[in-house]
Amino acid sequence: MEKGKGVMVGRRWAVDFTDNSTTPSSRDIPDPPGFTRASHDQDDSTLSRQKKGAEANWKVQKAWEVAQAPFKNLLMMGFMMWMAGSTVHLFSIGITFSALWQPISALQGVGKVFEPYKDSKVDLLGPKLLFIALNLGGLALGVWKLNTLGLLPTHASDWVSSLSPAQEVEYSGGGIPLH
Amino acid sequence: MAMAIRVFLLLLLFLSSSNLTFSLFEDQVGLMDWHQQYIGKVKHAVFHTQKAGRKRVVVSTEENVVASLDLRHGEIFWRHVLGTNDAIDEIDIALGKYVIALSSEGSILRAWNLPDGQMVWESFLPGSKPSKALLSIPTNLKVDKDHVILIYSNGCLHAVSSIDGEVLWKKELATEGIEVQQLIHPLGSDIIYAVGFVGMEKLLIHQTHVSDLFQDSSATAVILPSKLMGMVALKISSTIIFIKVADAGKLEVVDKIDHAAAVSDGLSFLEGQQALALVQHGGSKIHLTVKLGPDWSGDLLKESFEMDHQRGVVHKVFINNYIRTDRSHGFRALIVMEDHSLLLLQQGEVVWSREDGLASIIDVTTSELPVEENGVSVAKVEHNLFEWLKGHILKLKGTLMLASPEDVVAIQRIRLKSSEKSKMTRDRNGFRKLLIVLSKAGKLFALHTGDGRIVWSLLLHTLHKSEACENPTGVNVYQWQVPHHHAMDENPSILVVGRCGHSLDAPGILSIVDTYTGNELNSLGPVHSIVQIIPLPFTDPTEQRLHLLMDAGLRAHLYPRTPEAIGIFQREFANIYWYSIEADNGIIRGHVLKNNCFLEVADEFCFETKALWSIVFPSESEKIIATVTRKLNEVVHTQAKVITDQEVMYKYVSKNLLFVATVAPKAVGEIGSVTPDESWLVVYLIDTITGRILHRLTHHGSQGPVHAVFSENWVVYHYFNLRAHRYEMSVIEIYDQSRADNKDVLNLILGKHNLTSPISSYSRPEVITKSQSYFFTHSVKTIAVTSTAKGITSKQLLIGTIGDQVLALDKRFLDPRRSINPTQAEKEEGIIPLTDSLPIIPQSYVTHALQVEGLRGIVTVPAKLESTTLVFSYGVDLYFTQLAPSRTYDSLTEDFSYALLLITIVALVVAIFVTWVLSERKELQEKWR
């Protein structure tokens, strides 16, 4: 509704926001005395360089922060698992599977998670490795939980529980005479 | 896969542990179960047809039942089933209101109230010497306003008061050497004449040769036991002659009747006149003639009835008279047929009939129904669809509590009379089957499991009395051919085994019957004697099962007698063994097949056997009282049993195991006849291939009778503990210790194990057994165990109690691993803390409020649906139901509202469409603004 109104208003009148002040087309107006465009450009570039350095720092910082984020998750998961107990029921199965699913999906999207911090000057290897390690830790926690629930086939019983009885070589019948 | 199964099993366990009882609601009675009441073959019938009140006939039967039947419809007013060793001698009606029954060879006299069947009195008539039991109720013999009942039994003549059953006086007659045959009380007299024989010299009062009376007397003459006035009925081959005893001891032939089947007792209906009924066979009809005696002047009645030839010949006839509206005399006749059915004939038609042959079932087997053909007419589908929808709308109304009382009745009727359950085709769940039962009369019945109706019946002509076979009896029924590959164009068939006479060496008779049509396909006999039948686990190319029939001379005969069968048999020849149990001598022998028989006529289907081993029980200390083996068709899902902490125990699952129970010879008698010190019960588990005793256990101070059931790797048995004065049930589980070292997971994953390789009893596997005993409140008639299609579902024991009910008891209660304080892990596994006695939960009676009178056997048949098993219990009554020992985890319950589901789905779809259209419209409108 709001959006529609905006469009409607736009139809009535228009403002051209294009600023021609820096475009070369507005160069027909001479520069005021004492103004040098070049110095301004130079100043701008040093400023941007400084800015870029700060941004890279910020990106690295952010990347580390992102890389450490699964740790908090890990702690929470651990708490949830402890809450769920070691018997198989809907709650514990749900938690365990989410504990398994989260690290897997996170690992699949490692590139995407660090996409915003990608920079030629930023070394993302460290944060990425930490991120992967933490997620693998989460995965391990999930698998461990799965095992404590007894859902991993790590025992002999898991492999023989549906083994049909062996065939017998001999066959015998008989009994008390029929009457 | 294994994990999935474990998850599934754990969930199952969780579900099953949450609810121990499997009771049903009141409105579920009759949905999956049916109950039929019978009385058995009628021996005596007494009519009670007074003008006032309901007309009834009181009958006593060979199944020891006294029943009062409605003469109009043949329904049972009331019924009493006496014990199996309490045979009824005679019945009569006293004072017009008491039914008097003399039973147990004249030692027990009971009186029941005629209208409602309540017991009025019972008296015990002791005597010194067993003799014929006679009951006589004189109509006008009064002692102080009390009518007297005269009984001659055990050599004494008793006079019993009919009001309270008190013995008024007693006279010993047997000491004088008189064998009393009849009691006569002349009208208006105070003297009772007891007519009998003294010794042998006075036996023949008058001697006339039968040949003088009847010319063709090559056959022996039999005096019929009909009570006639001044007449004797003689049966010579198929002819009945009536001989009148004239004055001065002269005998004269009154009438000769050919092809007569039965003669009734004389019925005095007018002063000095007597009527008697006579039944003759003629083609598919029977002719009933009522003759007037004693002067034999013409027929009072002559009627013909169309009779189903599957009922055989008439065995007995009872007549009764009534006064028609035009004041003339009419007669009704109650006839008992060869197949034990009971029919009432009146005014030229069969008023009602009862299939009382079903009260004496010998053996039961099952058969699948025909596969449904695809060509179903559209009209039928539409009709069905309409009915289906209507039914579900009604059900929905019921669910939403909108149903009016009429609707509730309609819903219940629809549920009970669902056409789905009584269809004559196979269903996907395998609930619809045919129960093929063999009755004592030699008749096969096919009962539909849906509603218990008789689909077909067949009086086997091989089990029919003939010259070659004097006294045929049915023995057992076996599955002969169960087509799987050709299920569409071949019918399954069964093998009926019978015997001419009761001795073990009597010639056998075989008959093969198609289970779809009830036609006899083939019959053999009389052949060699049959003492044992071994169905082999092989089938020939036409899917006929191979059977070995053992004769009394320890020879084995192979059936079917085809070259293919012999080919298959020769291949497995060396691996087929058999064992015989001589309970009287206390010997169990193992035999192996040797070579073809040495007979005058070469018979390649006959094999000699030789003894391999024998187990001889010391006759002074042990006597075999019970043996039990596993059912041949039982399916076991797995050989491993997972116990606490993921440990595995390997079950010793063998079909060649025999459970034998022996007791001290002194303790064979009734419970309490011996002291605990001189009584013991020993149980054995024996391998029937090698004769190896795998386990032996002695219960000191215990006594039989032993009832046992063997399934998978366990046996449960029931006996009496004399020391504790209580019944006990014990369980033995047997495990294979030689497989226990298969523990390496990696090897198991790679398949490096010997768990699936065929095993031989000669490898002498090391076994361990676990055992535990519990007290049990009831005495037991029979025990069975549930069986399911794949053997995954947990088992329940079905216990036929002394009260003729069937109790379902979870096998979990009989688990030798139960302990007083199970650990947490054991609790999770579902182990119940140990208690000294087994609980009897009233809701777990399979028969709920009903009784299966005279319960003799329980048969369980797996349905196709894994969770469900079909239970058929039989005795004098029949009862059928479906059981789900772990609840129906693989299907929706019957009362699941499909309509509600359907309506919900439809409503959701409609809602989606409506909102979609609305939002489209709105968007369009907005775009136009």
# chains A, B, ... in the order shown; residues from 1 in each chain; ligands from 1
$ residues_around --residues "region 154-168 of chain A" --least-positions-apart "3" --cutoff "10 Å" --atoms "only C-alpha atoms" --output "PyMOL selection string"
(chain A and resi 147+150-151+171) or (chain B and resi 1-6+575+635-643+645-656+742-749+751+754-761+792)
$ residues_around --residues "region 499-510 of chain B" --least-positions-apart "3" --cutoff "12 Å" --atoms "only C-alpha atoms" --output "VMD selection string"
(chain A and resid 176 to 179) or (chain B and resid 442 460 to 478 480 494 to 496 513 520 to 533 547 549 to 554 557 559 to 560)
$ atom_distance --atom1 "CA of Ala262 (chain B)" --atom2 "CA of Met231 (chain B)"
15.5 Å
$ residues_around --residues "Phe131 (chain A)" --least-positions-apart "2" --cutoff "10 Å" --atoms "only C-alpha atoms" --output "ChimeraX atom specification"
/A:63-71,103,106-107,110,113-114,125-129,133-137
$ write_last_selection --atoms "N, CA, C and O atoms" --output "short mmCIF file (atom, residue, chain, number, x, y, z; two decimals), in the first residue's frame"
data_model
loop_
_atom_site.label_atom_id
_atom_site.label_comp_id
_atom_site.auth_asym_id
_atom_site.auth_seq_id
_atom_site.Cartn_x
_atom_site.Cartn_y
_atom_site.Cartn_z
N ALA A 63 36.03 -10.83 10.18
CA ALA A 63 36.19 -12.21 9.73
C ALA A 63 36.49 -13.11 10.91
O ALA A 63 35.95 -14.21 11.04
N TRP A 64 37.38 -12.64 11.80
CA TRP A 64 37.68 -13.43 13.00
C TRP A 64 36.45 -13.60 13.87
O TRP A 64 36.21 -14.66 14.40
N GLU A 65 35.72 -12.51 13.95
CA GLU A 65 34.50 -12.58 14.76
C GLU A 65 33.55 -13.64 14.21
O GLU A 65 33.02 -14.47 14.94
N VAL A 66 33.39 -13.57 12.86
CA VAL A 66 32.50 -14.55 12.21
C VAL A 66 33.02 -15.96 12.42
O VAL A 66 32.27 -16.90 12.69
N ALA A 67 34.34 -16.09 12.31
CA ALA A 67 34.94 -17.42 12.46
C ALA A 67 34.72 -17.96 13.86
O ALA A 67 34.59 -19.16 14.07
N GLN A 68 34.64 -17.05 14.83
CA GLN A 68 34.47 -17.52 16.22
C GLN A 68 33.01 -17.75 16.58
O GLN A 68 32.72 -18.37 17.61
N ALA A 69 32.13 -17.25 15.73
CA ALA A 69 30.70 -17.36 16.04
C ALA A 69 30.24 -18.78 16.35
O ALA A 69 29.45 -18.98 17.29
N PRO A 70 30.70 -19.80 15.59
CA PRO A 70 30.21 -21.18 15.90
C PRO A 70 30.55 -21.64 17.30
O PRO A 70 29.94 -22.57 17.79
N PHE A 71 31.52 -20.99 17.94
CA PHE A 71 31.90 -21.42 19.28
C PHE A 71 30.74 -21.23 20.25
O PHE A 71 30.40 -22.11 21.03
N PRO A 103 26.41 -27.54 11.42
CA PRO A 103 27.81 -27.50 10.96
C PRO A 103 27.94 -27.89 9.50
O PRO A 103 28.72 -27.27 8.77
N ALA A 106 26.86 -25.05 7.43
CA ALA A 106 27.84 -23.97 7.58
C ALA A 106 29.09 -24.27 6.78
O ALA A 106 29.65 -23.39 6.11
N LEU A 107 29.52 -25.53 6.82
CA LEU A 107 30.73 -25.92 6.09
C LEU A 107 30.52 -25.79 4.59
O LEU A 107 31.42 -25.43 3.84
N VAL A 110 31.03 -22.04 3.51
CA VAL A 110 32.19 -21.33 4.08
C VAL A 110 32.52 -20.12 3.22
O VAL A 110 32.67 -19.01 3.72
N VAL A 113 30.02 -17.28 3.59
CA VAL A 113 30.07 -16.58 4.88
C VAL A 113 31.17 -15.53 4.85
O VAL A 113 31.00 -14.42 5.33
N PHE A 114 32.32 -15.87 4.22
CA PHE A 114 33.46 -14.93 4.22
C PHE A 114 33.49 -14.05 2.99
O PHE A 114 34.41 -13.29 2.81
N LEU A 125 42.55 -16.99 5.48
CA LEU A 125 42.84 -18.40 5.74
C LEU A 125 42.67 -18.77 7.21
O LEU A 125 42.02 -19.76 7.55
N GLY A 126 43.24 -17.90 8.05
CA GLY A 126 43.15 -18.16 9.50
C GLY A 126 41.71 -18.26 9.96
O GLY A 126 41.30 -19.31 10.52
N PRO A 127 40.92 -17.19 9.75
CA PRO A 127 39.52 -17.27 10.19
C PRO A 127 38.79 -18.46 9.58
O PRO A 127 38.00 -19.13 10.26
N LYS A 128 39.05 -18.73 8.30
CA LYS A 128 38.36 -19.84 7.65
C LYS A 128 38.67 -21.15 8.34
O LYS A 128 37.80 -21.96 8.62
N LEU A 129 39.96 -21.33 8.62
CA LEU A 129 40.38 -22.58 9.27
C LEU A 129 39.72 -22.71 10.64
O LEU A 129 39.22 -23.77 11.02
N ALA A 133 37.22 -25.53 11.73
CA ALA A 133 37.56 -26.37 12.88
C ALA A 133 36.42 -26.37 13.89
O ALA A 133 36.02 -27.42 14.42
N LEU A 134 35.89 -25.17 14.14
CA LEU A 134 34.81 -25.08 15.12
C LEU A 134 33.58 -25.84 14.65
O LEU A 134 32.93 -26.54 15.42
N ASN A 135 33.31 -25.71 13.34
CA ASN A 135 32.15 -26.42 12.83
C ASN A 135 32.35 -27.92 12.86
O ASN A 135 31.42 -28.68 13.14
N LEU A 136 33.58 -28.32 12.58
CA LEU A 136 33.87 -29.76 12.67
C LEU A 136 33.70 -30.23 14.11
O LEU A 136 33.20 -31.32 14.36
N GLY A 137 34.10 -29.33 15.02
CA GLY A 137 33.88 -29.63 16.44
C GLY A 137 32.41 -29.83 16.72
O GLY A 137 32.00 -30.78 17.41
#
$ residues_around --residues "Lys121 (chain A)" --least-positions-apart "6" --cutoff "10 Å" --atoms "only C-alpha atoms" --output "list in words"
Lys52, Gly53, Ala56, Asn57, Lys59 and Val60 of chain A
$ residues_around --residues "Trp82 (chain A)" --least-positions-apart "6" --cutoff "12 Å" --atoms "only C-alpha atoms" --output "list of chain:residue names"
A:Leu75, A:Met76, A:Phe91, A:Ser92, A:Ile95, A:Thr96, A:Leu141, A:Gly142, A:Lys145, A:Thr148, A:Leu149
$ select_by_dssp --residues "region 416-622 of chain B" --states "strand (DSSP E)" --output "PyMOL selection string"
chain B and resi 433-439+443-448+454-459+472-481+493-500+507-514+520-529+532-539+545-550+555-559+576-582+587-596+606-616
$ atom_distance --atom1 "CA of Leu146 (chain A)" --atom2 "CA of Gly830 (chain B)"
21.4 Å
$ select_by_dssp --residues "region 71-143 of chain A" --states "helix (DSSP H, G or I)" --output "JSON, numbers by chain"
{"A": [71, 72, 73, 74, 75, 76, 77, 78, 79, 80, 81, 82, 83, 84, 90, 91, 92, 93, 94, 95, 96, 97, 98, 99, 100, 101, 102, 103, 104, 105, 106, 107, 108, 110, 111, 112, 113, 115, 116, 117, 125, 126, 127, 128, 129, 130, 131, 132, 133, 134, 135, 136, 137, 138, 139, 140, 141, 142, 143]}
$ write_last_selection --atoms "C-alpha atoms" --output "mmCIF file, in the first residue's frame"
data_model
loop_
_atom_site.group_PDB
_atom_site.id
_atom_site.type_symbol
_atom_site.label_atom_id
_atom_site.label_comp_id
_atom_site.auth_asym_id
_atom_site.auth_seq_id
_atom_site.Cartn_x
_atom_site.Cartn_y
_atom_site.Cartn_z
ATOM 1 C CA PHE A 71 31.896 -21.419 19.281
ATOM 2 C CA LYS A 72 28.955 -19.761 20.939
ATOM 3 C CA ASN A 73 26.733 -22.037 18.947
ATOM 4 C CA LEU A 74 28.762 -24.985 20.141
ATOM 5 C CA LEU A 75 28.283 -24.040 23.750
ATOM 6 C CA MET A 76 24.581 -23.596 23.281
ATOM 7 C CA MET A 77 24.309 -26.894 21.477
ATOM 8 C CA GLY A 78 26.187 -28.608 24.249
ATOM 9 C CA PHE A 79 23.795 -27.171 26.787
ATOM 10 C CA MET A 80 20.805 -28.236 24.720
ATOM 11 C CA MET A 81 22.191 -31.732 24.371
ATOM 12 C CA TRP A 82 22.762 -31.987 28.060
ATOM 13 C CA MET A 83 19.171 -30.890 28.553
ATOM 14 C CA ALA A 84 17.885 -33.440 26.082
ATOM 15 C CA LEU A 90 11.449 -36.556 19.599
ATOM 16 C CA PHE A 91 13.244 -33.722 21.393
ATOM 17 C CA SER A 92 16.650 -35.364 21.623
ATOM 18 C CA ILE A 93 16.496 -36.598 18.036
ATOM 19 C CA GLY A 94 15.529 -33.129 16.823
ATOM 20 C CA ILE A 95 18.368 -31.490 18.707
ATOM 21 C CA THR A 96 20.886 -34.051 17.549
ATOM 22 C CA PHE A 97 19.915 -33.717 13.945
ATOM 23 C CA SER A 98 19.974 -29.935 14.103
ATOM 24 C CA ALA A 99 23.403 -30.206 15.765
ATOM 25 C CA LEU A 100 24.514 -32.289 12.813
ATOM 26 C CA TRP A 101 22.826 -30.199 10.180
ATOM 27 C CA GLN A 102 24.054 -26.782 11.303
ATOM 28 C CA PRO A 103 27.811 -27.501 10.963
ATOM 29 C CA ILE A 104 27.271 -29.306 7.687
ATOM 30 C CA SER A 105 25.330 -26.448 6.156
ATOM 31 C CA ALA A 106 27.840 -23.972 7.582
ATOM 32 C CA LEU A 107 30.726 -25.917 6.088
ATOM 33 C CA GLN A 108 28.992 -25.976 2.741
ATOM 34 C CA VAL A 110 32.185 -21.327 4.078
ATOM 35 C CA GLY A 111 32.910 -19.254 0.968
ATOM 36 C CA LYS A 112 29.646 -17.415 1.234
ATOM 37 C CA VAL A 113 30.068 -16.584 4.882
ATOM 38 C CA GLU A 115 32.392 -13.345 0.912
ATOM 39 C CA PRO A 116 31.843 -9.837 2.389
ATOM 40 C CA TYR A 117 35.336 -9.823 3.879
ATOM 41 C CA LEU A 125 42.842 -18.404 5.735
ATOM 42 C CA GLY A 126 43.152 -18.157 9.495
ATOM 43 C CA PRO A 127 39.517 -17.273 10.188
ATOM 44 C CA LYS A 128 38.356 -19.841 7.649
ATOM 45 C CA LEU A 129 40.378 -22.584 9.274
ATOM 46 C CA LEU A 130 39.066 -21.618 12.699
ATOM 47 C CA PHE A 131 35.541 -21.542 11.343
ATOM 48 C CA ILE A 132 35.938 -24.964 9.768
ATOM 49 C CA ALA A 133 37.557 -26.373 12.880
ATOM 50 C CA LEU A 134 34.806 -25.079 15.116
ATOM 51 C CA ASN A 135 32.148 -26.424 12.826
ATOM 52 C CA LEU A 136 33.873 -29.756 12.669
ATOM 53 C CA GLY A 137 33.883 -29.630 16.440
ATOM 54 C CA GLY A 138 30.143 -29.060 16.350
ATOM 55 C CA LEU A 139 29.755 -31.944 13.950
ATOM 56 C CA ALA A 140 31.793 -34.160 16.212
ATOM 57 C CA LEU A 141 29.608 -33.132 19.108
ATOM 58 C CA GLY A 142 26.556 -34.093 17.068
ATOM 59 C CA VAL A 143 28.014 -37.459 16.131
#
$ residues_around --residues "Asn595 (chain B)" --least-positions-apart "6" --cutoff "9 Å" --atoms "only C-alpha atoms" --output "list in words"
Cys606, Phe607, Glu608 and Thr609 of chain B
$ write_last_selection --atoms "N, CA and C atoms" --output "short mmCIF file (atom, residue, chain, number, x, y, z; two decimals), in the first residue's frame"
data_model
loop_
_atom_site.label_atom_id
_atom_site.label_comp_id
_atom_site.auth_asym_id
_atom_site.auth_seq_id
_atom_site.Cartn_x
_atom_site.Cartn_y
_atom_site.Cartn_z
N CYS B 606 8.22 -96.49 -0.80
CA CYS B 606 8.26 -97.03 0.56
C CYS B 606 9.71 -97.21 0.98
N PHE B 607 10.03 -96.80 2.21
CA PHE B 607 11.41 -96.87 2.68
C PHE B 607 11.47 -97.54 4.04
N GLU B 608 12.49 -98.35 4.20
CA GLU B 608 12.74 -98.95 5.51
C GLU B 608 13.49 -97.92 6.36
N THR B 609 13.36 -98.05 7.67
CA THR B 609 14.12 -97.16 8.54
C THR B 609 14.93 -98.01 9.51
#
